[in-house]
$ cat upload-v2.pdb   # PDB, C-alpha atoms
ATOM      1  CA  MET A   1      -1.258  31.781  55.730
ATOM      2  CA  PRO A   2       0.278  33.536  52.654
ATOM      3  CA  MET A   3       3.827  32.655  53.773
ATOM      4  CA  PRO A   4       3.870  29.027  52.419
ATOM      5  CA  TYR A   5       2.660  30.231  49.012
ATOM      6  CA  MET A   6       5.434  32.822  48.858
ATOM      7  CA  GLN A   7       8.045  30.347  50.011
ATOM      8  CA  GLN A   8       7.265  27.655  47.389
ATOM      9  CA  PRO A   9       8.686  29.537  44.348
ATOM     10  CA  ALA A  10      11.951  30.090  46.235
ATOM     11  CA  ASP A  11      12.268  26.349  46.870
ATOM     12  CA  ASP A  12      11.523  25.617  43.230
ATOM     13  CA  GLU A  13      14.129  28.156  42.135
ATOM     14  CA  ILE A  14      16.774  26.545  44.344
ATOM     15  CA  ASP A  15      15.893  23.079  42.990
ATOM     16  CA  LEU A  16      16.072  24.239  39.387
ATOM     17  CA  ARG A  17      19.402  25.960  39.986
ATOM     18  CA  GLU A  18      20.804  22.821  41.591
ATOM     19  CA  LEU A  19      19.482  20.751  38.692
ATOM     20  CA  TRP A  20      21.162  23.047  36.188
ATOM     21  CA  ASN A  21      24.426  22.869  38.128
ATOM     22  CA  VAL A  22      24.314  19.065  38.027
ATOM     23  CA  ILE A  23      23.752  19.100  34.274
ATOM     24  CA  TRP A  24      26.501  21.662  33.762
ATOM     25  CA  ARG A  25      29.013  19.628  35.746
ATOM     26  CA  GLY A  26      28.214  16.593  33.624
ATOM     27  CA  LYS A  27      28.259  18.464  30.317
ATOM     28  CA  LEU A  28      31.249  16.517  28.991
ATOM     29  CA  LEU A  29      29.487  13.197  29.501
ATOM     30  CA  ILE A  30      26.333  14.587  27.876
ATOM     31  CA  ILE A  31      28.330  15.852  24.909
ATOM     32  CA  ALA A  32      30.103  12.505  24.568
ATOM     33  CA  ILE A  33      26.849  10.499  24.604
ATOM     34  CA  THR A  34      25.209  12.935  22.184
ATOM     35  CA  ALA A  35      28.183  12.688  19.834
ATOM     36  CA  ILE A  36      28.045   8.888  19.869
ATOM     37  CA  PHE A  37      24.367   8.911  19.014
ATOM     38  CA  ALA A  38      24.900  11.565  16.341
ATOM     39  CA  VAL A  39      27.617   9.509  14.648
ATOM     40  CA  GLY A  40      25.450   6.401  14.878
ATOM     41  CA  ALA A  41      22.471   8.238  13.394
ATOM     42  CA  VAL A  42      24.570   9.571  10.517
ATOM     43  CA  ALA A  43      25.998   6.114   9.827
ATOM     44  CA  PHE A  44      22.532   4.559   9.920
ATOM     45  CA  ALA A  45      21.074   7.224   7.608
ATOM     46  CA  ILE A  46      23.896   6.803   5.089
ATOM     47  CA  SER A  47      23.607   3.014   5.128
ATOM     48  CA  LYS A  48      19.924   3.083   4.161
ATOM     49  CA  PRO A  49      19.379   2.956   0.372
ATOM     50  CA  ASN A  50      17.172   5.462  -1.383
ATOM     51  CA  ILE A  51      13.561   4.466  -1.935
ATOM     52  CA  TYR A  52      11.584   6.108  -4.738
ATOM     53  CA  LYS A  53       7.812   6.418  -4.938
ATOM     54  CA  ALA A  54       5.758   6.505  -8.126
ATOM     55  CA  ASP A  55       2.014   7.020  -8.037
ATOM     56  CA  ALA A  56      -0.961   7.395 -10.336
ATOM     57  CA  LEU A  57      -4.259   9.161  -9.718
ATOM     58  CA  LEU A  58      -7.224   7.083 -10.859
ATOM     59  CA  ALA A  59     -10.922   7.822 -11.211
ATOM     60  CA  PRO A  60     -13.689   5.222 -11.143
ATOM     61  CA  ALA A  61     -14.754   4.511 -14.719
ATOM     62  CA  GLU A  62     -18.436   5.294 -15.190
ATOM     63  CA  SER A  63     -20.620   2.340 -16.035
ATOM     64  CA  ALA A  64     -22.886   2.764 -19.029
ATOM     65  CA  GLY A  65     -25.971   0.557 -18.809
ATOM     66  CA  GLY A  66     -25.210  -2.738 -17.112
ATOM     67  CA  ALA A  67     -25.930  -2.354 -13.414
ATOM     68  CA  GLY A  68     -28.273   0.601 -13.938
ATOM     69  CA  GLY A  69     -30.313  -1.326 -16.497
ATOM     70  CA  LEU A  70     -30.489  -4.365 -14.267
ATOM     71  CA  ARG A  71     -31.693  -2.245 -11.347
ATOM     72  CA  ALA A  72     -34.476  -0.842 -13.533
ATOM     73  CA  LEU A  73     -35.457  -4.332 -14.618
ATOM     74  CA  ALA A  74     -35.424  -5.515 -11.020
ATOM     75  CA  GLY A  75     -38.025  -2.906 -10.121
ATOM     76  CA  GLN A  76     -40.187  -3.638 -13.151
ATOM     77  CA  PHE A  77     -39.967  -7.404 -13.588
ATOM     78  CA  GLY A  78     -38.425  -8.651 -10.372
ATOM     79  CA  GLY A  79     -41.498 -10.666  -9.368
ATOM     80  CA  LEU A  80     -41.860 -12.399 -12.724
ATOM     81  CA  ALA A  81     -38.161 -13.135 -12.989
ATOM     82  CA  SER A  82     -38.128 -14.736  -9.540
ATOM     83  CA  LEU A  83     -40.808 -17.170 -10.699
ATOM     84  CA  ALA A  84     -38.403 -18.375 -13.369
ATOM     85  CA  GLY A  85     -35.557 -18.676 -10.880
ATOM     86  CA  VAL A  86     -33.696 -15.571 -12.133
ATOM     87  CA  ASN A  87     -32.335 -13.170  -9.510
ATOM     88  CA  LEU A  88     -32.141  -9.566 -10.713
ATOM     89  CA  GLY A  89     -30.656  -8.287  -7.457
ATOM     90  CA  GLY A  90     -32.122  -6.047  -4.834
ATOM     91  CA  GLY A  91     -31.598  -2.833  -6.719
ATOM     92  CA  GLY A  92     -28.438  -1.802  -4.849
ATOM     93  CA  GLY A  93     -25.544  -0.502  -6.895
ATOM     94  CA  GLU A  94     -22.431  -2.574  -7.313
ATOM     95  CA  ASP A  95     -19.267  -0.897  -6.028
ATOM     96  CA  LYS A  96     -16.782  -1.847  -8.728
ATOM     97  CA  THR A  97     -14.179   0.550  -7.366
ATOM     98  CA  GLY A  98     -14.288  -0.998  -3.914
ATOM     99  CA  LEU A  99     -14.115  -4.455  -5.437
ATOM    100  CA  ALA A 100     -11.143  -3.468  -7.595
ATOM    101  CA  ILE A 101      -9.255  -2.119  -4.568
ATOM    102  CA  LYS A 102      -9.914  -5.314  -2.621
ATOM    103  CA  VAL A 103      -8.704  -7.394  -5.570
ATOM    104  CA  LEU A 104      -5.586  -5.217  -5.928
ATOM    105  CA  LYS A 105      -4.660  -5.941  -2.321
ATOM    106  CA  SER A 106      -5.612  -9.607  -2.423
ATOM    107  CA  ARG A 107      -3.079 -12.401  -2.063
ATOM    108  CA  ALA A 108      -4.227 -14.193  -5.216
ATOM    109  CA  PHE A 109      -3.910 -11.129  -7.447
ATOM    110  CA  ILE A 110      -0.537  -9.999  -6.073
ATOM    111  CA  GLN A 111       1.011 -13.462  -6.262
ATOM    112  CA  SER A 112      -0.270 -13.871  -9.816
ATOM    113  CA  PHE A 113       1.011 -10.381 -10.706
ATOM    114  CA  ILE A 114       4.517 -11.135  -9.393
ATOM    115  CA  GLU A 115       4.692 -14.482 -11.171
ATOM    116  CA  ARG A 116       3.202 -13.234 -14.452
ATOM    117  CA  HIS A 117       5.691 -10.382 -14.818
ATOM    118  CA  GLY A 118       8.704 -12.135 -13.277
ATOM    119  CA  LEU A 119       9.151  -9.650 -10.426
ATOM    120  CA  LEU A 120      10.527 -11.961  -7.741
ATOM    121  CA  VAL A 121      14.195 -10.997  -8.185
ATOM    122  CA  PRO A 122      13.755  -7.179  -8.280
ATOM    123  CA  LEU A 123      11.282  -7.472  -5.415
ATOM    124  CA  MET A 124      13.213  -9.723  -3.025
ATOM    125  CA  ALA A 125      16.880  -9.288  -4.011
ATOM    126  CA  ALA A 126      17.228  -5.612  -4.967
ATOM    127  CA  LYS A 127      19.888  -3.758  -2.988
ATOM    128  CA  SER A 128      20.138  -0.292  -4.547
ATOM    129  CA  TRP A 129      19.848   1.680  -7.768
ATOM    130  CA  ASN A 130      22.731   3.166  -9.738
ATOM    131  CA  LYS A 131      21.873   6.707 -10.815
ATOM    132  CA  MET A 132      24.643   6.852 -13.406
ATOM    133  CA  SER A 133      23.839   3.624 -15.243
ATOM    134  CA  GLY A 134      20.159   3.470 -14.346
ATOM    135  CA  GLU A 135      20.544  -0.194 -13.436
ATOM    136  CA  LEU A 136      19.183  -2.008 -10.426
ATOM    137  CA  ALA A 137      21.829  -3.557  -8.169
ATOM    138  CA  ILE A 138      21.058  -7.089  -6.968
ATOM    139  CA  ASP A 139      22.433  -8.288  -3.626
ATOM    140  CA  PRO A 140      24.943 -11.059  -4.472
ATOM    141  CA  GLU A 141      24.365 -12.671  -1.068
ATOM    142  CA  ILE A 142      20.719 -13.216  -1.953
ATOM    143  CA  TYR A 143      20.719 -13.930  -5.689
ATOM    144  CA  ASP A 144      23.419 -14.879  -8.217
ATOM    145  CA  VAL A 145      22.572 -13.091 -11.449
ATOM    146  CA  LYS A 146      24.952 -15.154 -13.603
ATOM    147  CA  THR A 147      23.724 -18.572 -12.517
ATOM    148  CA  LYS A 148      20.198 -17.352 -11.693
ATOM    149  CA  THR A 149      20.401 -19.073  -8.321
ATOM    150  CA  TRP A 150      18.938 -17.992  -4.994
ATOM    151  CA  LEU A 151      21.551 -17.919  -2.223
ATOM    152  CA  ARG A 152      19.580 -16.709   0.785
ATOM    153  CA  ASP A 153      20.741 -18.071   4.117
ATOM    154  CA  VAL A 154      17.446 -18.836   5.866
ATOM    155  CA  GLU A 155      16.219 -21.298   8.449
ATOM    156  CA  PRO A 156      13.707 -24.042   7.603
ATOM    157  CA  PRO A 157      10.920 -24.156   6.622
ATOM    158  CA  LYS A 158      11.992 -21.221   4.473
ATOM    159  CA  LYS A 159      14.011 -21.965   1.353
ATOM    160  CA  PRO A 160      16.667 -19.943  -0.489
ATOM    161  CA  LYS A 161      14.076 -19.008  -3.112
ATOM    162  CA  PRO A 162      11.374 -16.830  -1.517
ATOM    163  CA  SER A 163       7.949 -18.401  -1.434
ATOM    164  CA  ALA A 164       4.865 -16.839  -2.986
ATOM    165  CA  TRP A 165       3.676 -15.963   0.526
ATOM    166  CA  GLU A 166       6.928 -14.126   1.377
ATOM    167  CA  ALA A 167       6.739 -12.188  -1.883
ATOM    168  CA  TYR A 168       3.124 -11.244  -1.168
ATOM    169  CA  GLU A 169       3.997 -10.038   2.345
ATOM    170  CA  VAL A 170       6.814  -7.799   1.083
ATOM    171  CA  PHE A 171       4.829  -6.460  -1.866
ATOM    172  CA  SER A 172       1.658  -5.718   0.092
ATOM    173  CA  LYS A 173       3.359  -4.182   3.149
ATOM    174  CA  GLU A 174       6.450  -2.465   1.739
ATOM    175  CA  VAL A 175       5.765  -1.779  -1.937
ATOM    176  CA  LEU A 176       2.081  -1.284  -2.759
ATOM    177  CA  ASN A 177      -0.255   1.326  -1.322
ATOM    178  CA  VAL A 178      -3.814   1.978  -2.524
ATOM    179  CA  VAL A 179      -5.871   4.783  -0.978
ATOM    180  CA  GLN A 180      -9.289   6.100  -1.960
ATOM    181  CA  ASP A 181     -10.398   9.628  -1.132
ATOM    182  CA  GLU A 182     -13.786   9.333   0.566
ATOM    183  CA  THR A 183     -14.893  12.730  -0.741
ATOM    184  CA  THR A 184     -13.836  12.667  -4.403
ATOM    185  CA  LEU A 185     -13.688   8.843  -4.708
ATOM    186  CA  PHE A 186     -10.401   9.233  -6.583
ATOM    187  CA  VAL A 187      -7.910   6.427  -5.985
ATOM    188  CA  THR A 188      -4.168   6.910  -5.543
ATOM    189  CA  LEU A 189      -2.101   3.847  -6.413
ATOM    190  CA  SER A 190       1.554   4.091  -5.418
ATOM    191  CA  VAL A 191       4.599   1.827  -5.526
ATOM    192  CA  GLU A 192       7.869   2.244  -3.604
ATOM    193  CA  HIS A 193      11.108   0.685  -4.836
ATOM    194  CA  HIS A 194      14.865   1.149  -4.961
ATOM    195  CA  SER A 195      14.583   2.033  -8.652
ATOM    196  CA  PRO A 196      12.356   4.933  -9.740
ATOM    197  CA  ILE A 197      12.077   3.330 -13.171
ATOM    198  CA  VAL A 198      10.846   0.046 -11.715
ATOM    199  CA  ALA A 199       8.394   1.867  -9.448
ATOM    200  CA  LYS A 200       6.843   3.648 -12.426
ATOM    201  CA  GLN A 201       6.689   0.462 -14.485
ATOM    202  CA  TRP A 202       4.963  -1.473 -11.714
ATOM    203  CA  VAL A 203       2.318   1.223 -11.256
ATOM    204  CA  ASP A 204       1.523   1.082 -14.991
ATOM    205  CA  LEU A 205       1.365  -2.715 -14.928
ATOM    206  CA  LEU A 206      -0.909  -2.760 -11.873
ATOM    207  CA  VAL A 207      -3.386  -0.333 -13.434
ATOM    208  CA  LYS A 208      -3.413  -2.300 -16.683
ATOM    209  CA  ASP A 209      -3.736  -5.689 -14.984
ATOM    210  CA  ILE A 210      -6.535  -4.754 -12.588
ATOM    211  CA  ASN A 211      -8.574  -3.287 -15.438
ATOM    212  CA  GLN A 212      -7.998  -6.399 -17.530
ATOM    213  CA  HIS A 213      -8.724  -8.740 -14.622
ATOM    214  CA  LEU A 214     -12.097  -7.193 -13.746
ATOM    215  CA  LYS A 215     -12.968  -6.890 -17.431
ATOM    216  CA  THR A 216     -12.322 -10.599 -17.977
ATOM    217  CA  VAL A 217     -14.263 -11.637 -14.866
ATOM    218  CA  GLU A 218     -17.346  -9.584 -15.688
ATOM    219  CA  THR A 219     -17.277 -10.452 -19.407
ATOM    220  CA  ASP A 220     -17.138 -14.168 -18.641
ATOM    221  CA  GLU A 221     -19.958 -13.797 -16.128
ATOM    222  CA  ALA A 222     -22.083 -11.847 -18.607
ATOM    223  CA  LYS A 223     -21.520 -14.460 -21.332
ATOM    224  CA  ARG A 224     -22.540 -17.249 -18.967
ATOM    225  CA  SER A 225     -25.650 -15.257 -18.030
ATOM    226  CA  ILE A 226     -26.548 -14.791 -21.699
ATOM    227  CA  ALA A 227     -26.194 -18.517 -22.343
ATOM    228  CA  TYR A 228     -28.388 -19.295 -19.329
ATOM    229  CA  LEU A 229     -31.044 -16.738 -20.290
ATOM    230  CA  GLU A 230     -31.190 -17.990 -23.857
ATOM    231  CA  ALA A 231     -31.743 -21.519 -22.541
ATOM    232  CA  GLN A 232     -34.527 -20.297 -20.257
ATOM    233  CA  LEU A 233     -36.063 -18.330 -23.120
ATOM    234  CA  GLU A 234     -36.512 -21.502 -25.138
ATOM    235  CA  LYS A 235     -38.321 -23.185 -22.244
ATOM    236  CA  THR A 236     -41.065 -20.578 -21.734
ATOM    237  CA  SER A 237     -43.973 -19.512 -23.884
ATOM    238  CA  VAL A 238     -45.242 -16.808 -21.520
ATOM    239  CA  ALA A 239     -44.998 -13.451 -23.289
ATOM    240  CA  ASP A 240     -44.191 -11.476 -20.134
ATOM    241  CA  MET A 241     -41.379 -13.871 -19.226
ATOM    242  CA  GLN A 242     -40.007 -13.713 -22.748
ATOM    243  CA  THR A 243     -39.915  -9.923 -22.434
ATOM    244  CA  VAL A 244     -37.936 -10.190 -19.205
ATOM    245  CA  PHE A 245     -35.429 -12.596 -20.739
ATOM    246  CA  TYR A 246     -34.993 -10.502 -23.883
ATOM    247  CA  GLN A 247     -34.280  -7.374 -21.856
ATOM    248  CA  LEU A 248     -31.910  -9.241 -19.544
ATOM    249  CA  ILE A 249     -30.040 -10.604 -22.545
ATOM    250  CA  GLU A 250     -29.862  -7.073 -23.945
ATOM    251  CA  GLU A 251     -28.375  -5.702 -20.715
ATOM    252  CA  GLN A 252     -25.811  -8.498 -20.474
ATOM    253  CA  THR A 253     -24.882  -7.965 -24.128
ATOM    254  CA  LYS A 254     -24.275  -4.284 -23.355
ATOM    255  CA  THR A 255     -21.906  -5.345 -20.578
ATOM    256  CA  VAL A 256     -19.916  -7.528 -22.988
ATOM    257  CA  MET A 257     -19.781  -4.796 -25.645
ATOM    258  CA  LEU A 258     -18.715  -2.177 -23.104
ATOM    259  CA  ALA A 259     -15.912  -4.394 -21.839
ATOM    260  CA  GLU A 260     -14.623  -5.047 -25.348
ATOM    261  CA  VAL A 261     -14.394  -1.372 -26.351
ATOM    262  CA  ARG A 262     -13.175   0.084 -23.031
ATOM    263  CA  GLU A 263      -9.515  -0.402 -22.118
ATOM    264  CA  GLU A 264      -9.826   1.348 -18.757
ATOM    265  CA  TYR A 265     -12.704  -0.763 -17.559
ATOM    266  CA  VAL A 266     -12.662  -0.026 -13.818
ATOM    267  CA  PHE A 267     -10.092   2.742 -13.347
ATOM    268  CA  LYS A 268      -9.603   5.704 -15.649
ATOM    269  CA  THR A 269      -6.147   7.262 -15.353
ATOM    270  CA  VAL A 270      -6.402  10.938 -14.442
ATOM    271  CA  ASP A 271      -2.722  11.536 -13.696
ATOM    272  CA  PRO A 272      -0.391   8.748 -14.912
ATOM    273  CA  ALA A 273       2.728   7.712 -13.027
ATOM    274  CA  ILE A 274       6.057   9.271 -13.954
ATOM    275  CA  VAL A 275       9.616   8.330 -13.041
ATOM    276  CA  PRO A 276      10.268  10.146  -9.728
ATOM    277  CA  GLU A 277      13.400  12.290  -9.608
ATOM    278  CA  GLU A 278      13.555  12.670  -5.831
ATOM    279  CA  LYS A 279      13.667   9.943  -3.221
ATOM    280  CA  ALA A 280      10.718   9.371  -0.913
ATOM    281  CA  LYS A 281      12.829   7.985   1.920
ATOM    282  CA  PRO A 282      14.870   7.693   4.045
ATOM    283  CA  LYS A 283      14.615  11.146   5.617
ATOM    284  CA  ARG A 284      18.294  11.334   6.477
ATOM    285  CA  ALA A 285      18.207  14.832   7.978
ATOM    286  CA  LEU A 286      15.322  13.845  10.247
ATOM    287  CA  ILE A 287      17.128  10.666  11.317
ATOM    288  CA  CYS A 288      20.213  12.689  12.264
ATOM    289  CA  VAL A 289      18.202  15.277  14.196
ATOM    290  CA  LEU A 290      16.314  12.576  16.097
ATOM    291  CA  GLY A 291      19.594  10.806  16.861
ATOM    292  CA  VAL A 292      21.110  13.985  18.338
ATOM    293  CA  MET A 293      17.966  14.687  20.386
ATOM    294  CA  LEU A 294      17.823  11.121  21.691
ATOM    295  CA  GLY A 295      21.510  11.196  22.591
ATOM    296  CA  GLY A 296      21.148  14.519  24.378
ATOM    297  CA  MET A 297      18.152  13.355  26.422
ATOM    298  CA  LEU A 298      19.865  10.089  27.320
ATOM    299  CA  GLY A 299      22.999  11.976  28.363
ATOM    300  CA  VAL A 300      21.028  14.264  30.668
ATOM    301  CA  MET A 301      19.248  11.278  32.206
ATOM    302  CA  VAL A 302      22.545   9.476  32.839
ATOM    303  CA  VAL A 303      24.042  12.550  34.535
ATOM    304  CA  LEU A 304      20.987  13.077  36.749
ATOM    305  CA  ILE A 305      20.745   9.416  37.711
ATOM    306  CA  ARG A 306      24.442   9.322  38.625
ATOM    307  CA  ASN A 307      24.088  12.447  40.761
ATOM    308  CA  PHE A 308      21.030  11.199  42.640
ATOM    309  CA  SER A 309      22.656   7.782  43.153
ATOM    310  CA  ARG A 310      25.668   9.420  44.757
ATOM    311  CA  LYS A 311      23.454  11.460  47.069
ATOM    312  CA  ASP A 312      21.563   8.376  48.155
ATOM    313  CA  ALA A 313      24.848   6.559  48.836
ATOM    314  CA  GLU A 314      26.170   9.456  50.914
ATOM    315  CA  ASP A 315      22.938   9.644  52.904
TER     316      ASP A 315
END
$ encode --input "upload-v2.pdb" --output "C-alpha cells"
Amino acid sequence: MPMPYMQQPADDEIDLRELWNVIWRGKLLIIAITAIFAVGAVAFAISKPNIYKADALLAPAESAGGAGGLRALAGQFGGLASLAGVNLGGGGGEDKTGLAIKVLKSRAFIQSFIERHGLLVPLMAAKSWNKMSGELAIDPEIYDVKTKTWLRDVEPPKKPKPSAWEAYEVFSKEVLNVVQDETTLFVTLSVEHHSPIVAKQWVDLLVKDINQHLKTVETDEAKRSIAYLEAQLEKTSVADMQTVFYQLIEEQTKTVMLAEVREEYVFKTVDPAIVPEEKAKPKRALICVLGVMLGGMLGVMVVLIRNFSRKDAED
C-alpha cells in the first residue's frame, strides 16, 4: 500500500523537470514576447499625461439654534401647531452634511458649476500641462483657442461642442471625488486635472459654491416660513397659538441671521487645498512592471501550448 504514495512525488518531479526543460528551450520566444510587451508598456506609460490631485479636508459646520430649536418646539407645541396646519417636523435631526454631499454630486449643481465658471474648455479639451510656463495645453483637434471653436469629430447625435450631459459625466466620474469618513464625519473633497493649479482652483470654487448654494436655499426657505408664520399670526387670537408662532418666527430669524454672518455655512475648511507638486497618476513604474509580467506569462503560455500541440500531433 505505501508504494503508490512514494511513487507519486517521483512522477511529479519528472513532470516538473520536463516542464522546465520545455520553458528553457523556448526561452528566446519568451524573452521576445516579454520584450515586446515591455516596450509597449513603456510607450503607453510615457504617452499618458500627468494628472494632479488637489484635495481639501472639510468638517461639518455646527448649527447654532435652527434645527435644534425647532426640535424643542416640536416636542412642546407640536400638537397645537398641527391644529393650525404648521408642521414642526418629527424631531429628527437634519443631515446637512449628507445633503451637501448629494448636492455636490448632483447633475444640476455640477452643470451649473461648469457653466457659471466657464470650465467647459479646460474640462473637455485639456491635453497636458506645461511645467515651465505653468499653462494648460489645449488639444487643437478638439478646440481652436484663437477662433474659440469646437472641432471635435463625433458622430450624431453628439455635436462638436460637448453637451452639458457629457461635461457632467466627465466631471463626476473623472474629476470630482467626495468621501466622508464614517467615524470622524470629516469630508475629503478632491479634484484631479492635468494642471495642478486648475485642480486647486476648482476645489476652492466647489467649497465656496456649495456653501453659498445651501446658504441661499435655506435662507430663502426661512424667509418664506417667516412670511407665512406672520400671516398666520394675524389670523389667530389664541394666546397659546400666538406663542407658538412667535417662537417659530424667532427660530427662523436665527437661521437667516446665522446664514448672513457665516461664510462657511455647511462645510468648515480644516485643511485647505494647495497646488500639488507631485502627480497622482499615471503610475508609470507600475505600468511597466505589469507589462513585463504580463508579457512573461503570455510567453510561457505560448511555449507550453506549442509544445503540447506538437505532442498531440505526434501522437
$ resolve_selection --input "upload-v2.pdb" --expression "the PyMOL selection byres ((chain A and resi 143) around 10)" --output "PyMOL selection string"
chain A and resi 121+124-126+138-142+144-152+160-161
$ resolve_selection --input "upload-v2.pdb" --expression "the PyMOL selection byres ((chain A and resi 165-181) around 7)" --output "PyMOL selection string"
chain A and resi 105+107+110-111+120+162-164+182-193
$ closest_residue --input "upload-v2.pdb" --among "A:Ala38, A:Ala239, A:Val266, A:Leu119" --to "Lys208 of chain A" --atoms "only C-alpha atoms"
A:Val266
$ atom_distance --input "upload-v2.pdb" --atom1 "atom CA of Val300 of chain A" --atom2 "atom CA of Trp24 of chain A"
9.7 Å
$ atom_distance --input "upload-v2.pdb" --atom1 "atom CA of Asp55 of chain A" --atom2 "atom CA of Val203 of chain A"
6.6 Å
$ atom_distance --input "upload-v2.pdb" --atom1 "atom CA of Lys223 of chain A" --atom2 "atom CA of Thr97 of chain A"
21.8 Å
$ resolve_selection --input "upload-v2.pdb" --expression "the PyMOL selection byres ((chain A and resi 230-232) around 12)" --output "PyMOL selection string"
chain A and resi 81+83-86+223-229+233-238+241-250+252-253
$ closest_residue --input "upload-v2.pdb" --among "A:Met301, A:Val207, A:Ala280, A:Val22" --to "His194 of chain A" --atoms "all atoms listed in the file"
A:Ala280
$ residues_around --input "upload-v2.pdb" --residues "Leu28 of chain A" --least-positions-apart "3" --cutoff "12 Å" --atoms "all atoms listed in the file" --output "number ranges by chain"
A: 22-25, 31-35, 296, 299-300, 302-303
$ axis_aligned_box --input "upload-v2.pdb" --around "segment 93-109 of chain A" --padding-each-side "8 Å" --output "lines of an AutoDock Vina configuration file"
center_x = -14.3
center_y = -6.8
center_z = -5.4
size_x = 38.5
size_y = 30.7
size_z = 22.7
$ residues_around --input "upload-v2.pdb" --residues "Lys268 of chain A" --least-positions-apart "4" --cutoff "12 Å" --atoms "all atoms listed in the file" --output "count of residues only"
20
$ closest_residue --input "upload-v2.pdb" --among "A:Val261, A:Ile30, A:Cys288, A:Leu123" --to "Leu304 of chain A" --atoms "all atoms listed in the file"
A:Ile30
$ closest_residue --input "upload-v2.pdb" --among "A:Met132, A:Val154, A:Asp204, A:Arg310" --to "Asp271 of chain A" --atoms "all atoms listed in the file"
A:Asp204
$ decode --input "upload-v2.pdb" --residues "segment 114-166 of chain A" --atoms "C-alpha atoms" --output "short mmCIF file (atom, residue, chain, number, x, y, z; two decimals), in the first residue's frame"
data_model
loop_
_atom_site.label_atom_id
_atom_site.label_comp_id
_atom_site.auth_asym_id
_atom_site.auth_seq_id
_atom_site.Cartn_x
_atom_site.Cartn_y
_atom_site.Cartn_z
CA ILE A 114 -19.28 74.28 -15.07
CA GLU A 115 -21.37 76.88 -16.87
CA ARG A 116 -21.06 79.54 -14.17
CA HIS A 117 -17.26 79.41 -14.08
CA GLY A 118 -16.70 78.71 -17.79
CA LEU A 119 -14.94 75.37 -17.25
CA LEU A 120 -16.03 73.54 -20.40
CA VAL A 121 -12.80 74.10 -22.36
CA PRO A 122 -10.30 73.15 -19.59
CA LEU A 123 -12.54 70.22 -18.69
CA MET A 124 -13.17 68.71 -22.13
CA ALA A 125 -10.26 69.93 -24.29
CA ALA A 126 -7.23 69.92 -21.97
CA LYS A 127 -4.33 67.82 -23.23
CA SER A 128 -1.45 68.44 -20.82
CA TRP A 129 0.19 70.99 -18.55
CA ASN A 130 3.46 72.79 -19.22
CA LYS A 131 5.59 72.82 -16.07
CA MET A 132 7.89 75.56 -17.35
CA SER A 133 5.22 78.07 -18.35
CA GLY A 134 2.52 76.87 -15.99
CA GLU A 135 0.00 76.99 -18.82
CA LEU A 136 -2.61 74.43 -19.74
CA ALA A 137 -2.23 72.94 -23.22
CA ILE A 138 -5.47 72.63 -25.20
CA ASP A 139 -5.83 69.88 -27.81
CA PRO A 140 -6.05 71.67 -31.19
CA GLU A 141 -8.04 68.76 -32.64
CA ILE A 142 -10.78 69.37 -30.10
CA TYR A 143 -10.84 73.14 -29.61
CA ASP A 144 -9.40 76.10 -31.55
CA VAL A 145 -8.27 78.65 -28.99
CA LYS A 146 -7.90 81.50 -31.49
CA THR A 147 -11.35 81.22 -33.04
CA LYS A 148 -12.94 79.74 -29.89
CA THR A 149 -14.47 76.98 -31.98
CA TRP A 150 -15.08 73.35 -31.07
CA LEU A 151 -13.61 70.94 -33.63
CA ARG A 152 -14.43 67.54 -32.17
CA ASP A 153 -15.05 64.81 -34.73
CA VAL A 154 -18.05 62.99 -33.24
CA GLU A 155 -20.99 61.02 -34.56
CA PRO A 156 -24.58 62.28 -34.25
CA PRO A 157 -26.42 62.96 -32.04
CA LYS A 158 -23.29 64.38 -30.42
CA LYS A 159 -22.08 67.77 -31.58
CA PRO A 160 -18.59 69.29 -31.78
CA LYS A 161 -19.34 71.30 -28.63
CA PRO A 162 -19.77 68.92 -25.67
CA SER A 163 -23.23 68.89 -24.19
CA ALA A 164 -23.98 69.65 -20.55
CA TRP A 165 -24.58 65.93 -20.01
CA GLU A 166 -21.16 64.97 -21.44
#
